[in-house]
$ cat query29.cif   # mmCIF, C-alpha atoms
data_work
loop_
_atom_site.label_atom_id
_atom_site.label_comp_id
_atom_site.auth_asym_id
_atom_site.auth_seq_id
_atom_site.Cartn_x
_atom_site.Cartn_y
_atom_site.Cartn_z
CA MET A 1 305.14 126.27 186.75
CA ASN A 2 308.76 125.06 187.02
CA ILE A 3 308.76 121.29 187.48
CA LEU A 4 311.90 119.27 188.23
CA MET A 5 311.57 115.50 187.78
CA PHE A 6 313.94 112.69 188.79
CA PHE A 7 314.23 109.27 187.18
CA THR A 8 317.23 106.99 187.64
CA ASN A 9 317.01 104.96 184.40
CA ASN A 10 317.09 105.87 180.74
CA PRO A 11 313.64 107.35 179.94
CA LEU A 12 313.82 106.24 176.31
CA TYR A 13 313.43 102.55 177.11
CA THR A 14 311.12 100.06 178.86
CA ALA A 15 309.49 101.51 182.02
CA GLY A 16 311.19 104.84 181.38
CA ILE A 17 308.59 105.63 178.72
CA ALA A 18 306.06 106.42 181.47
CA ALA A 19 308.46 109.04 182.86
CA LEU A 20 309.03 110.52 179.40
CA ASP A 21 305.29 110.61 178.67
CA LEU A 22 304.59 112.57 181.86
CA PHE A 23 307.47 114.92 181.10
CA ASN A 24 306.10 115.58 177.59
CA GLU A 25 302.53 116.12 178.84
CA PHE A 26 303.68 118.77 181.30
CA LYS A 27 305.53 120.49 178.45
CA LYS A 28 302.47 120.38 176.19
CA ASN A 29 300.49 122.09 178.91
CA GLY A 30 302.90 125.03 179.02
CA HIS A 31 305.05 124.13 182.01
CA ASN A 32 308.81 124.52 182.22
CA VAL A 33 310.02 120.98 182.88
CA LYS A 34 313.39 119.33 183.33
CA LEU A 35 313.95 115.60 183.73
CA LEU A 36 317.13 114.76 185.62
CA VAL A 37 318.32 111.18 185.07
CA ASN A 38 321.25 109.07 186.18
CA LYS A 39 322.00 107.24 182.93
CA TYR A 40 323.89 108.86 180.04
CA ASP A 41 322.54 108.75 176.49
CA THR A 42 323.42 110.79 173.40
CA ASN A 43 319.77 110.94 172.29
CA TYR A 44 318.41 113.14 175.10
CA THR A 45 316.89 116.53 174.38
CA GLU A 46 318.34 119.53 176.23
CA GLU A 47 315.64 119.33 178.92
CA VAL A 48 316.56 115.72 179.76
CA ILE A 49 319.76 116.05 181.78
CA SER A 50 322.08 113.21 182.75
CA MET A 51 324.13 113.30 185.94
CA GLU A 52 326.39 110.74 184.34
CA THR A 53 328.89 112.17 181.85
CA PHE A 54 330.14 110.52 178.67
CA TYR A 55 333.46 109.82 180.40
CA LEU A 56 331.82 108.37 183.53
CA TYR A 57 329.48 106.24 181.43
CA TRP A 58 332.35 104.52 179.64
CA LYS A 59 334.45 104.28 182.79
CA LYS A 60 331.64 102.39 184.55
CA LYS A 61 331.20 100.07 181.58
CA LEU A 62 334.92 99.31 181.47
CA LEU A 63 335.17 98.67 185.23
CA LYS A 64 332.12 96.41 185.09
CA LYS A 65 333.67 94.43 182.25
CA ILE A 66 336.99 94.09 184.09
CA LYS A 67 335.27 92.94 187.30
CA ARG A 68 333.25 90.39 185.38
CA ARG A 69 336.36 89.07 183.61
CA LEU A 70 338.29 88.84 186.89
CA ARG A 71 335.22 87.63 188.77
CA LEU A 72 335.54 90.46 191.26
CA ASN A 73 331.83 91.23 191.43
CA LYS A 74 330.65 90.67 194.98
CA LYS A 75 326.95 90.21 195.32
CA ASP A 76 324.98 90.42 198.53
CA ILE A 77 323.21 87.19 199.35
CA THR A 78 319.55 88.05 198.84
CA ASP A 79 316.43 86.28 197.66
CA PRO A 80 316.03 87.58 194.08
CA LYS A 81 312.24 87.63 194.25
CA TYR A 82 312.40 90.63 196.62
CA HIS A 83 314.42 92.66 194.10
CA PHE A 84 317.07 94.53 196.11
CA HIS A 85 318.96 97.16 194.12
CA ASP A 86 320.99 98.73 196.92
CA LEU A 87 321.37 97.67 200.52
CA ASN A 88 322.75 100.97 201.80
CA GLU A 89 320.21 103.79 202.09
CA GLU A 90 322.93 106.08 203.49
CA LYS A 91 324.97 105.89 200.29
CA GLU A 92 325.08 109.27 198.58
CA TYR A 93 325.56 109.00 194.84
CA TYR A 94 325.55 112.76 194.34
CA LYS A 95 325.66 115.74 196.68
CA THR A 96 322.42 117.72 196.63
CA ASN A 97 324.20 120.94 195.63
CA LYS A 98 325.71 119.16 192.62
CA ILE A 99 322.26 117.92 191.61
CA LEU A 100 320.80 121.42 191.78
CA LYS A 101 323.75 122.89 189.92
CA LYS A 102 323.23 120.37 187.13
CA ALA A 103 319.48 121.08 186.94
CA LYS A 104 319.89 124.87 186.63
CA MET A 105 316.30 125.46 187.76
CA GLU A 106 314.37 127.06 190.60
CA PRO A 107 311.60 124.44 190.87
CA ASP A 108 308.10 125.11 192.14
CA VAL A 109 307.52 121.36 192.35
CA ILE A 110 309.79 118.31 192.52
CA ILE A 111 308.57 114.91 191.32
CA VAL A 112 310.61 111.80 192.15
CA LEU A 113 309.72 108.98 189.76
CA PHE A 114 312.34 106.36 190.62
CA ALA A 115 315.18 107.04 193.01
CA LYS A 116 317.23 103.88 193.56
CA ASN A 117 320.96 104.17 192.77
CA PHE A 118 320.45 107.90 192.17
CA ILE A 119 319.10 109.96 195.08
CA ASN A 120 318.38 108.90 198.64
CA SER A 121 316.07 110.17 201.39
CA LYS A 122 318.71 112.68 202.56
CA ASN A 123 318.88 114.18 199.05
CA ILE A 124 315.08 114.41 198.94
CA PHE A 125 314.99 116.15 202.33
CA GLU A 126 317.69 118.65 201.27
CA LEU A 127 316.00 119.35 197.94
CA CYS A 128 312.79 120.17 199.78
CA LYS A 129 314.49 122.46 202.30
CA LYS A 130 316.88 124.22 199.95
CA LYS A 131 314.17 125.05 197.42
CA ASN A 132 311.22 125.26 199.84
CA THR A 133 309.16 123.15 197.48
CA PRO A 134 306.88 120.13 197.98
CA ILE A 135 308.04 116.67 196.91
CA TYR A 136 305.82 114.14 195.14
CA TRP A 137 307.18 110.60 195.12
CA VAL A 138 305.61 108.32 192.49
CA MET A 139 305.42 104.61 193.34
CA TYR A 140 306.79 102.43 190.56
CA ASP A 141 307.03 99.60 193.10
CA MET A 142 307.21 99.25 196.90
CA ALA A 143 310.73 100.70 197.30
CA PRO A 144 309.57 104.04 198.85
CA LEU A 145 307.84 102.10 201.66
CA THR A 146 310.54 99.61 202.68
CA GLY A 147 314.01 99.25 204.08
CA GLY A 148 315.37 97.97 200.79
CA CYS A 149 313.17 95.56 198.84
CA HIS A 150 311.06 96.55 195.85
CA TYR A 151 308.47 93.81 196.36
CA ALA A 152 307.56 92.67 199.89
CA TRP A 153 305.44 89.63 198.99
CA ASP A 154 303.85 88.43 202.24
CA CYS A 155 306.29 90.30 204.48
CA LYS A 156 304.67 93.07 206.56
CA GLY A 157 307.93 94.60 207.78
CA TYR A 158 307.17 97.89 206.02
CA GLN A 159 304.13 98.24 208.30
CA ASN A 160 306.54 98.34 211.27
CA ASN A 161 310.26 99.11 210.99
CA CYS A 162 311.53 96.29 208.74
CA GLY A 163 314.24 94.02 210.15
CA ASN A 164 314.04 90.20 210.25
CA CYS A 165 314.12 90.53 206.49
CA PRO A 166 313.12 87.36 204.60
CA GLY A 167 314.75 88.78 201.49
CA LEU A 168 318.09 88.65 203.31
CA PHE A 169 317.31 85.32 205.00
CA SER A 170 317.72 87.33 208.20
CA SER A 171 316.47 86.63 211.72
CA ASP A 172 318.09 89.80 213.06
CA PRO A 173 315.50 92.47 213.99
CA TYR A 174 318.24 95.12 213.62
CA ASP A 175 319.60 94.06 210.24
CA ILE A 176 320.46 96.46 207.41
CA THR A 177 316.82 96.86 206.37
CA PHE A 178 315.98 98.09 209.90
CA LYS A 179 318.89 100.57 209.75
CA ASN A 180 317.85 101.72 206.27
CA PHE A 181 314.28 102.16 207.46
CA LEU A 182 315.26 104.33 210.46
CA TYR A 183 317.62 106.41 208.32
CA ARG A 184 314.88 107.00 205.75
CA ARG A 185 312.26 107.72 208.39
CA ASN A 186 314.49 110.34 210.01
CA TYR A 187 314.48 112.39 206.79
CA ILE A 188 310.98 111.67 205.51
CA ASP A 189 309.42 112.77 208.81
CA ARG A 190 310.97 116.19 208.23
CA THR A 191 310.12 116.50 204.54
CA ASP A 192 307.04 117.96 202.85
CA ILE A 193 306.42 114.84 200.81
CA GLN A 194 303.41 113.01 199.43
CA ILE A 195 303.14 109.65 197.68
CA VAL A 196 301.44 109.28 194.29
CA THR A 197 300.30 105.71 193.65
CA ALA A 198 299.35 104.18 190.30
CA SER A 199 296.78 101.65 191.47
CA GLU A 200 294.37 100.79 194.27
CA TRP A 201 296.77 97.99 195.23
CA GLN A 202 299.59 100.47 195.81
CA TYR A 203 297.24 102.90 197.58
CA ARG A 204 296.29 100.22 200.13
CA GLN A 205 299.94 99.29 200.68
CA THR A 206 300.84 102.93 201.29
CA LYS A 207 297.96 103.43 203.73
CA GLU A 208 299.30 100.48 205.74
CA SER A 209 302.93 101.65 205.68
CA THR A 210 304.74 103.17 208.65
CA LEU A 211 306.45 105.82 206.54
CA PHE A 212 303.45 107.29 204.73
CA LYS A 213 300.19 106.18 206.35
CA ASN A 214 299.69 109.60 207.94
CA ARG A 215 300.59 111.54 204.79
CA THR A 216 298.41 112.66 201.92
CA ILE A 217 298.29 109.83 199.39
CA TYR A 218 297.09 110.29 195.81
CA LYS A 219 296.20 107.82 193.08
CA ILE A 220 296.82 108.55 189.39
CA LEU A 221 296.71 105.63 186.96
CA THR A 222 299.67 105.39 184.59
CA ALA A 223 298.87 107.17 181.33
CA VAL A 224 298.87 105.36 177.98
CA ASN A 225 299.04 107.08 174.59
CA LYS A 226 295.59 106.65 173.05
CA ASP A 227 296.88 107.33 169.51
CA ILE A 228 299.42 104.48 169.59
CA PHE A 229 297.52 102.04 171.79
CA LYS A 230 294.19 101.89 170.00
CA PRO A 231 291.89 99.24 168.50
CA LEU A 232 292.72 98.27 164.92
CA ALA A 233 291.26 95.70 162.53
CA LYS A 234 292.60 92.35 163.72
CA GLU A 235 292.71 90.95 160.21
CA ASP A 236 295.29 93.54 159.09
CA ILE A 237 297.43 93.19 162.20
CA ARG A 238 297.41 89.39 162.04
CA LYS A 239 298.54 89.39 158.43
CA ARG A 240 301.63 91.34 159.48
CA ASN A 241 302.39 88.81 162.22
CA VAL A 242 301.62 85.74 160.06
CA ILE A 243 298.65 84.69 162.18
CA GLN A 244 295.56 83.13 160.65
CA TYR A 245 292.53 85.36 161.10
CA ASP A 246 290.28 82.60 162.45
CA LYS A 247 292.61 81.80 165.36
CA LYS A 248 291.80 82.67 168.97
CA VAL A 249 294.89 84.63 169.95
CA ILE A 250 296.17 84.87 173.51
CA PHE A 251 298.97 87.37 174.08
CA PHE A 252 301.27 87.37 177.10
CA GLY A 253 304.71 88.76 177.84
CA ALA A 254 307.23 90.11 180.33
CA VAL A 255 310.76 91.51 180.19
CA GLU A 256 311.84 88.31 181.99
CA LEU A 257 309.40 85.50 181.29
CA ASP A 258 310.97 83.36 184.01
CA ASN A 259 310.66 86.04 186.70
CA LYS A 260 308.81 84.50 189.66
CA ARG A 261 306.70 87.65 190.13
CA LYS A 262 305.28 87.28 186.64
CA GLY A 263 303.61 83.98 187.52
CA MET A 264 304.46 81.91 184.44
CA LYS A 265 304.19 78.75 186.55
CA TYR A 266 300.49 79.48 187.02
CA LEU A 267 299.96 80.46 183.39
CA LEU A 268 301.50 77.21 182.13
CA GLU A 269 299.24 75.27 184.51
CA ALA A 270 296.26 77.30 183.26
CA PHE A 271 297.12 76.49 179.62
CA LYS A 272 297.02 72.75 180.42
CA ILE A 273 293.62 73.19 182.06
CA LEU A 274 292.40 75.31 179.14
CA LYS A 275 293.46 72.58 176.72
CA ASP A 276 291.38 70.07 178.69
CA LEU A 277 288.40 72.43 178.59
CA LEU A 278 288.72 72.60 174.81
CA ILE A 279 288.88 68.83 174.20
CA MET A 280 285.10 68.59 173.99
CA ASP A 281 284.73 71.93 172.21
CA SER A 282 285.06 71.25 168.50
CA GLU A 283 284.77 74.95 167.63
CA PHE A 284 287.91 76.02 169.52
CA LYS A 285 289.82 72.76 169.87
CA ASN A 286 292.56 73.64 167.38
CA LYS A 287 292.20 77.39 167.20
CA ILE A 288 294.19 78.62 170.17
CA PHE A 289 297.30 80.57 169.16
CA LEU A 290 299.80 82.13 171.57
CA LEU A 291 301.58 85.40 170.89
CA ILE A 292 304.56 85.88 173.22
CA ALA A 293 306.96 88.76 173.96
CA GLY A 294 309.94 89.03 176.30
CA ASN A 295 313.25 87.46 177.26
CA GLU A 296 314.07 83.97 178.59
CA PHE A 297 311.59 82.28 176.24
CA ASP A 298 313.70 79.09 176.09
CA LYS A 299 312.82 78.41 179.73
CA ILE A 300 309.10 78.08 179.02
CA LYS A 301 308.73 77.08 175.36
CA ASP A 302 308.78 73.33 175.93
CA TYR A 303 305.77 73.60 178.24
CA LEU A 304 303.46 75.42 175.82
CA PRO A 305 300.56 73.19 174.70
CA PHE A 306 299.40 75.41 171.82
CA GLU A 307 300.75 76.72 168.55
CA TYR A 308 302.68 79.95 169.11
CA HIS A 309 304.68 82.82 167.66
CA TYR A 310 307.53 84.23 169.72
CA MET A 311 308.12 87.94 169.04
CA GLY A 312 311.21 88.41 171.21
CA MET A 313 311.65 91.78 172.89
CA VAL A 314 309.49 94.28 171.04
CA ASP A 315 309.63 98.07 171.25
CA ASN A 316 307.33 99.47 173.90
CA THR A 317 305.26 101.66 171.57
CA TYR A 318 303.99 100.46 168.20
CA GLY A 319 305.59 97.03 168.53
CA ILE A 320 303.87 96.06 171.76
CA ALA A 321 300.67 97.82 170.67
CA SER A 322 300.44 95.56 167.61
CA ALA A 323 300.48 92.49 169.88
CA TYR A 324 297.47 93.70 171.87
CA GLN A 325 295.71 94.68 168.65
CA ALA A 326 296.23 91.21 167.17
CA ALA A 327 295.08 89.39 170.31
CA ASP A 328 291.62 88.36 171.46
CA ILE A 329 292.78 88.54 175.06
CA PHE A 330 295.87 89.62 176.98
CA VAL A 331 296.59 87.29 179.88
CA CYS A 332 298.61 88.61 182.81
CA PRO A 333 299.52 85.97 185.41
CA SER A 334 301.50 88.31 187.72
CA ILE A 335 301.34 87.24 191.36
CA GLU A 336 303.37 90.12 192.87
CA ASP A 337 303.22 93.35 190.92
CA SER A 338 302.63 97.06 191.29
CA GLY A 339 301.02 97.25 187.85
CA PRO A 340 301.86 96.08 185.38
CA THR A 341 301.43 98.85 182.82
CA MET A 342 300.75 96.14 180.23
CA ILE A 343 297.22 95.88 181.66
CA ASN A 344 296.68 99.62 181.05
CA GLN A 345 298.02 99.26 177.51
CA SER A 346 295.81 96.29 176.67
CA ILE A 347 292.69 98.01 178.00
CA MET A 348 293.52 101.12 175.95
CA CYS A 349 293.78 98.90 172.83
CA GLY A 350 290.31 97.53 173.52
CA THR A 351 291.69 94.07 174.28
CA PRO A 352 290.10 92.31 177.29
CA VAL A 353 292.44 91.20 180.08
CA VAL A 354 292.49 87.93 182.03
CA CYS A 355 294.61 88.17 185.17
CA PHE A 356 294.88 87.52 188.88
CA GLU A 357 293.55 89.86 191.59
CA MET A 358 296.77 91.83 191.74
CA GLY A 359 298.06 95.37 191.14
CA VAL A 360 296.19 97.64 188.75
CA ALA A 361 293.79 94.81 187.86
CA LEU A 362 291.70 95.96 190.83
CA ASP A 363 291.16 99.28 189.04
CA LEU A 364 290.67 98.10 185.48
CA VAL A 365 289.65 94.46 185.11
CA PHE A 366 285.99 93.81 185.87
CA ASN A 367 284.50 90.38 185.27
CA GLY A 368 282.23 90.30 182.27
CA LYS A 369 282.92 93.95 181.40
CA THR A 370 286.62 94.44 180.62
CA GLY A 371 287.94 90.92 181.19
CA TYR A 372 288.24 88.42 184.00
CA CYS A 373 289.96 88.76 187.39
CA ALA A 374 290.82 85.31 188.77
CA LYS A 375 291.56 84.40 192.38
CA LEU A 376 295.24 84.92 193.13
CA LYS A 377 297.39 81.90 192.18
CA ASP A 378 294.32 79.90 191.12
CA SER A 379 295.34 78.43 187.76
CA LYS A 380 291.97 76.76 187.26
CA ASP A 381 290.15 80.07 187.68
CA LEU A 382 292.62 81.76 185.30
CA ALA A 383 291.93 79.07 182.68
CA GLN A 384 288.19 79.48 183.15
CA GLY A 385 288.51 83.21 182.60
CA MET A 386 290.35 82.68 179.31
CA TYR A 387 287.77 80.17 178.16
CA ASN A 388 284.84 82.40 179.13
CA ILE A 389 286.04 85.33 177.02
CA LEU A 390 287.34 83.32 174.06
CA SER A 391 283.96 81.57 173.78
CA LEU A 392 281.86 84.77 173.89
CA PRO A 393 279.52 85.40 170.94
CA ALA A 394 280.95 88.05 168.60
CA SER A 395 278.38 90.67 169.65
CA GLU A 396 279.16 90.26 173.36
CA TYR A 397 282.90 90.27 172.73
CA GLU A 398 282.57 93.52 170.79
CA ILE A 399 280.76 95.11 173.74
CA MET A 400 283.63 94.05 176.01
CA GLN A 401 286.15 95.58 173.61
CA ASN A 402 284.25 98.87 173.61
CA ASN A 403 284.03 98.77 177.40
CA CYS A 404 287.81 98.45 177.61
CA ARG A 405 288.53 101.36 175.30
CA GLN A 406 285.99 103.63 176.95
CA LEU A 407 287.26 102.88 180.44
CA ALA A 408 290.80 103.70 179.33
CA LEU A 409 289.74 106.99 177.74
CA ASP A 410 287.84 107.92 180.89
CA LEU A 411 290.57 107.03 183.38
CA PHE A 412 294.10 107.26 181.98
CA GLN A 413 294.51 108.79 178.57
CA PRO A 414 297.28 111.45 178.78
CA ALA A 415 294.84 114.40 178.91
CA VAL A 416 293.05 112.89 181.93
CA ASN A 417 296.34 111.95 183.57
CA ILE A 418 297.84 115.43 183.30
CA ASN A 419 294.62 117.07 184.52
CA ASN A 420 294.81 114.89 187.63
CA TRP A 421 298.39 116.00 188.18
CA ILE A 422 297.58 119.68 187.69
CA GLN A 423 294.72 119.46 190.19
CA ILE A 424 297.06 117.96 192.78
CA LEU A 425 299.79 120.53 192.19
CA ASN A 426 297.37 123.46 192.19
CA SER A 427 295.66 122.28 195.39
CA LYS A 428 299.03 122.29 197.14
CA ASN A 429 299.67 125.89 196.12
CA GLU A 430 296.24 127.23 197.11
#
$ encode --input "query29.cif" --output "structure tokens"
Amino acid sequence: MNILMFFTNNPLYTAGIAALDLFNEFKKNGHNVKLLVNKYDTNYTEEVISMETFYLYWKKKLLKKIKRRLRLNKKDITDPKYHFHDLNEEKEYYKTNKILKKAKMEPDVIIVLFAKNFINSKNIFELCKKKNTPIYWVMYDMAPLTGGCHYAWDCKGYQNNCGNCPGLFSSDPYDITFKNFLYRRNYIDRTDIQIVTASEWQYRQTKESTLFKNRTIYKILTAVNKDIFKPLAKEDIRKRNVIQYDKKVIFFGAVELDNKRKGMKYLLEAFKILKDLLIMDSEFKNKIFLLIAGNEFDKIKDYLPFEYHYMGMVDNTYGIASAYQAADIFVCPSIEDSGPTMINQSIMCGTPVVCFEMGVALDLVFNGKTGYCAKLKDSKDLAQGMYNILSLPASEYEIMQNNCRQLALDLFQPAVNINNWIQILNSKNE
């Protein structure tokens, strides 16, 4: 099968790894696959094709630097928590014919992994018509459902036609998000397109959306490499990270630790409550140790009530895996999230997760079995979940670890993930 995939960012870094993993799994299973990306990099293989040339890459960097120096960058006034990347759905970054010429493939299937600042709904429609092939659009966040934002929070505009956008501080029912939504709907209604979600949370959002509620919607959990993310002896891992073996280690992290979506406010509150819970517990009173990864650490470090080790930004394979392997629990305080994939990774490592009822937690975190799912934004409940797992007898904790690993192997190791994809693609061709 000829499979053409689209991903706007560099697939060698951060969230791009999920795109690269899927690409590689298709190849391993004998399919002819090309991954078309927007960002240039000298380290791509010949099947990973950049629309951006070496010359264009450096031209953009130079222009960006000049604009920053001259303070010419004009930013739209938006609420950053809604994460707008582009406020013009009609903008065409590349003509569809140029995209197909670059790909040099007659695809049987097209998979769109992340489209912003790369291809728009018109491109997707034209790709479908020109090649007479179905389109599968994978949800990394809510962008496919909305008129511009990537996270809608409490806004239900995507269940109607957008407009009155809180992310734009707008009271205009016909604002740019409404126009974007109608433009997108015009093309999507005429395209053979299905959404592939990565969690029950996303599936429910899609079923409620105007654009896709009447379409076929699939759910495939994001795959995690079982040979990298695996349980290892904590004693060995902790020695490498200069952590005493008898500590109770809590790992948490995010690319931007101060990002409102990531809920650090609630985690810091939960740590204070956890410290109070431990005052009367002589066994754990001085044994809590925090392991932290990500950027913007300076904005939270003064509020941490426990001993800690800050790892900085770690690589998203063996580096991040070692953090889960060293930890007794991974705590994820996200309050608005489509995943995060860190929950999948922790479960695959056999490390129980404490989190809020959000994103992929609904699929993977079961109280008393693989971790603890606290009520959304309830810091006290989050603290109680951490305490409950950290205070488990060794035998019960080991059972929870095994539950995590087994669930991961059953649901989202790469072999399971690719089989789910093949079933979907084959069913479309029957």
$ residues_around --input "query29.cif" --residues "region 84-101 of chain A" --least-positions-apart "2" --cutoff "9 Å" --atoms "only C-alpha atoms" --output "MDAnalysis selection string"
chainID A and resid 36 51 76 78:82 103:106 116:124 126:127 143 147:151 167 176:177 179:181 183:184
$ closest_residue --input "query29.cif" --among "A:Met264, A:Cys155, A:Met1, A:Leu409" --to "Gly30 (chain A)" --atoms "all atoms listed in the file"
A:Met1
$ atom_distance --input "query29.cif" --atom1 "CA of Thr216 (chain A)" --atom2 "CA of Asn426 (chain A)"
14.6 Å
$ atom_distance --input "query29.cif" --atom1 "CA of Ser171 (chain A)" --atom2 "CA of Ser334 (chain A)"
28.3 Å
$ closest_atom_pairs --input "query29.cif" --of "region 356-404 of chain A" --to "region 195-201 of chain A" --cutoff "12 Å" --atoms "all atoms listed in the file" --output "tab-separated table"
residue	atom	partner	partner_atom	distance
A:Glu357	CA	A:Trp201	CA	9.5
A:Met358	CA	A:Trp201	CA	7.1
A:Gly359	CA	A:Trp201	CA	5.0
A:Val360	CA	A:Ser199	CA	4.9
A:Ala361	CA	A:Ser199	CA	8.3
A:Leu362	CA	A:Glu200	CA	6.5
A:Asp363	CA	A:Glu200	CA	6.3
A:Leu364	CA	A:Ser199	CA	9.3
A:Val365	CA	A:Ser199	CA	12.0
$ resolve_selection --input "query29.cif" --expression "the PyMOL selection byres ((chain A and resi 7-12) around 6)" --output "short mmCIF file (atom, residue, chain, number, x, y, z; two decimals) with C-alpha atoms, keeping the file's coordinate frame"
data_model
loop_
_atom_site.label_atom_id
_atom_site.label_comp_id
_atom_site.auth_asym_id
_atom_site.auth_seq_id
_atom_site.Cartn_x
_atom_site.Cartn_y
_atom_site.Cartn_z
CA PHE A 6 313.94 112.69 188.79
CA TYR A 13 313.43 102.55 177.11
CA GLY A 16 311.19 104.84 181.38
CA ILE A 17 308.59 105.63 178.72
CA LEU A 20 309.03 110.52 179.40
CA VAL A 37 318.32 111.18 185.07
CA ASN A 38 321.25 109.07 186.18
CA LYS A 39 322.00 107.24 182.93
CA LEU A 113 309.72 108.98 189.76
CA PHE A 114 312.34 106.36 190.62
CA ALA A 115 315.18 107.04 193.01
CA PHE A 118 320.45 107.90 192.17
#
$ atom_distance --input "query29.cif" --atom1 "CA of Gly253 (chain A)" --atom2 "CA of Leu291 (chain A)"
8.3 Å
$ closest_residue --input "query29.cif" --among "A:Pro173, A:Pro333, A:Pro134, A:Pro352" --to "Gly368 (chain A)" --atoms "all atoms listed in the file"
A:Pro352
$ closest_residue --input "query29.cif" --among "A:Asp258, A:Glu208, A:Glu396, A:Asp246" --to "Asn160 (chain A)" --atoms "only C-alpha atoms"
A:Glu208
$ closest_residue --input "query29.cif" --among "A:Ile300, A:Ile111, A:Leu267, A:Ile288" --to "Ile335 (chain A)" --atoms "only C-alpha atoms"
A:Leu267
$ resolve_selection --input "query29.cif" --expression "the PyMOL selection byres ((chain A and resi 223) around 7)" --output "VMD selection string"
chain A and resid 221 to 222 224 to 225 412 to 414 417
$ closest_residue --input "query29.cif" --among "A:Gly385, A:Pro393, A:Pro231, A:Gly294" --to "Val353 (chain A)" --atoms "only C-alpha atoms"
A:Gly385
$ build_atoms --input "query29.cif" --residues "region 144-159 of chain A" --atoms "N, CA and C atoms" --output "mmCIF file, in the frame of the given file"
data_model
loop_
_atom_site.group_PDB
_atom_site.id
_atom_site.type_symbol
_atom_site.label_atom_id
_atom_site.label_comp_id
_atom_site.auth_asym_id
_atom_site.auth_seq_id
_atom_site.Cartn_x
_atom_site.Cartn_y
_atom_site.Cartn_z
ATOM 1 N N PRO A 144 309.699 102.895 197.933
ATOM 2 C CA PRO A 144 309.570 104.040 198.850
ATOM 3 C C PRO A 144 309.088 103.660 200.250
ATOM 4 N N LEU A 145 308.469 102.483 200.392
ATOM 5 C CA LEU A 145 307.840 102.100 201.660
ATOM 6 C C LEU A 145 308.724 101.229 202.541
ATOM 7 N N THR A 146 309.805 100.684 201.991
ATOM 8 C CA THR A 146 310.540 99.610 202.680
ATOM 9 C C THR A 146 311.956 100.002 203.065
ATOM 10 N N GLY A 147 312.612 99.065 203.723
ATOM 11 C CA GLY A 147 314.010 99.250 204.080
ATOM 12 C C GLY A 147 314.970 98.713 203.042
ATOM 13 N N GLY A 148 314.477 98.402 201.856
ATOM 14 C CA GLY A 148 315.370 97.970 200.790
ATOM 15 C C GLY A 148 314.738 97.215 199.651
ATOM 16 N N CYS A 149 313.744 96.373 199.925
ATOM 17 C CA CYS A 149 313.170 95.560 198.840
ATOM 18 C C CYS A 149 312.224 96.390 197.980
ATOM 19 N N HIS A 150 311.999 95.881 196.765
ATOM 20 C CA HIS A 150 311.060 96.550 195.850
ATOM 21 C C HIS A 150 309.724 95.818 195.799
ATOM 22 N N TYR A 151 309.707 94.582 196.270
ATOM 23 C CA TYR A 151 308.470 93.810 196.360
ATOM 24 C C TYR A 151 308.509 93.033 197.670
ATOM 25 N N ALA A 152 307.527 93.247 198.544
ATOM 26 C CA ALA A 152 307.560 92.670 199.890
ATOM 27 C C ALA A 152 306.906 91.291 199.971
ATOM 28 N N TRP A 153 306.174 90.888 198.961
ATOM 29 C CA TRP A 153 305.440 89.630 198.990
ATOM 30 C C TRP A 153 304.566 89.578 200.240
ATOM 31 N N ASP A 154 304.697 88.545 201.047
ATOM 32 C CA ASP A 154 303.850 88.430 202.240
ATOM 33 C C ASP A 154 304.452 89.104 203.468
ATOM 34 N N CYS A 155 305.631 89.649 203.341
ATOM 35 C CA CYS A 155 306.290 90.300 204.480
ATOM 36 C C CYS A 155 305.586 91.616 204.811
ATOM 37 N N LYS A 156 305.335 91.846 206.092
ATOM 38 C CA LYS A 156 304.670 93.070 206.560
ATOM 39 C C LYS A 156 305.633 93.991 207.301
ATOM 40 N N GLY A 157 306.940 93.786 207.081
ATOM 41 C CA GLY A 157 307.930 94.600 207.780
ATOM 42 C C GLY A 157 307.756 96.083 207.543
ATOM 43 N N TYR A 158 307.348 96.468 206.335
ATOM 44 C CA TYR A 158 307.170 97.890 206.020
ATOM 45 C C TYR A 158 306.041 98.530 206.822
ATOM 46 N N GLN A 159 305.197 97.710 207.448
ATOM 47 C CA GLN A 159 304.130 98.240 208.300
ATOM 48 C C GLN A 159 304.637 98.484 209.722
#
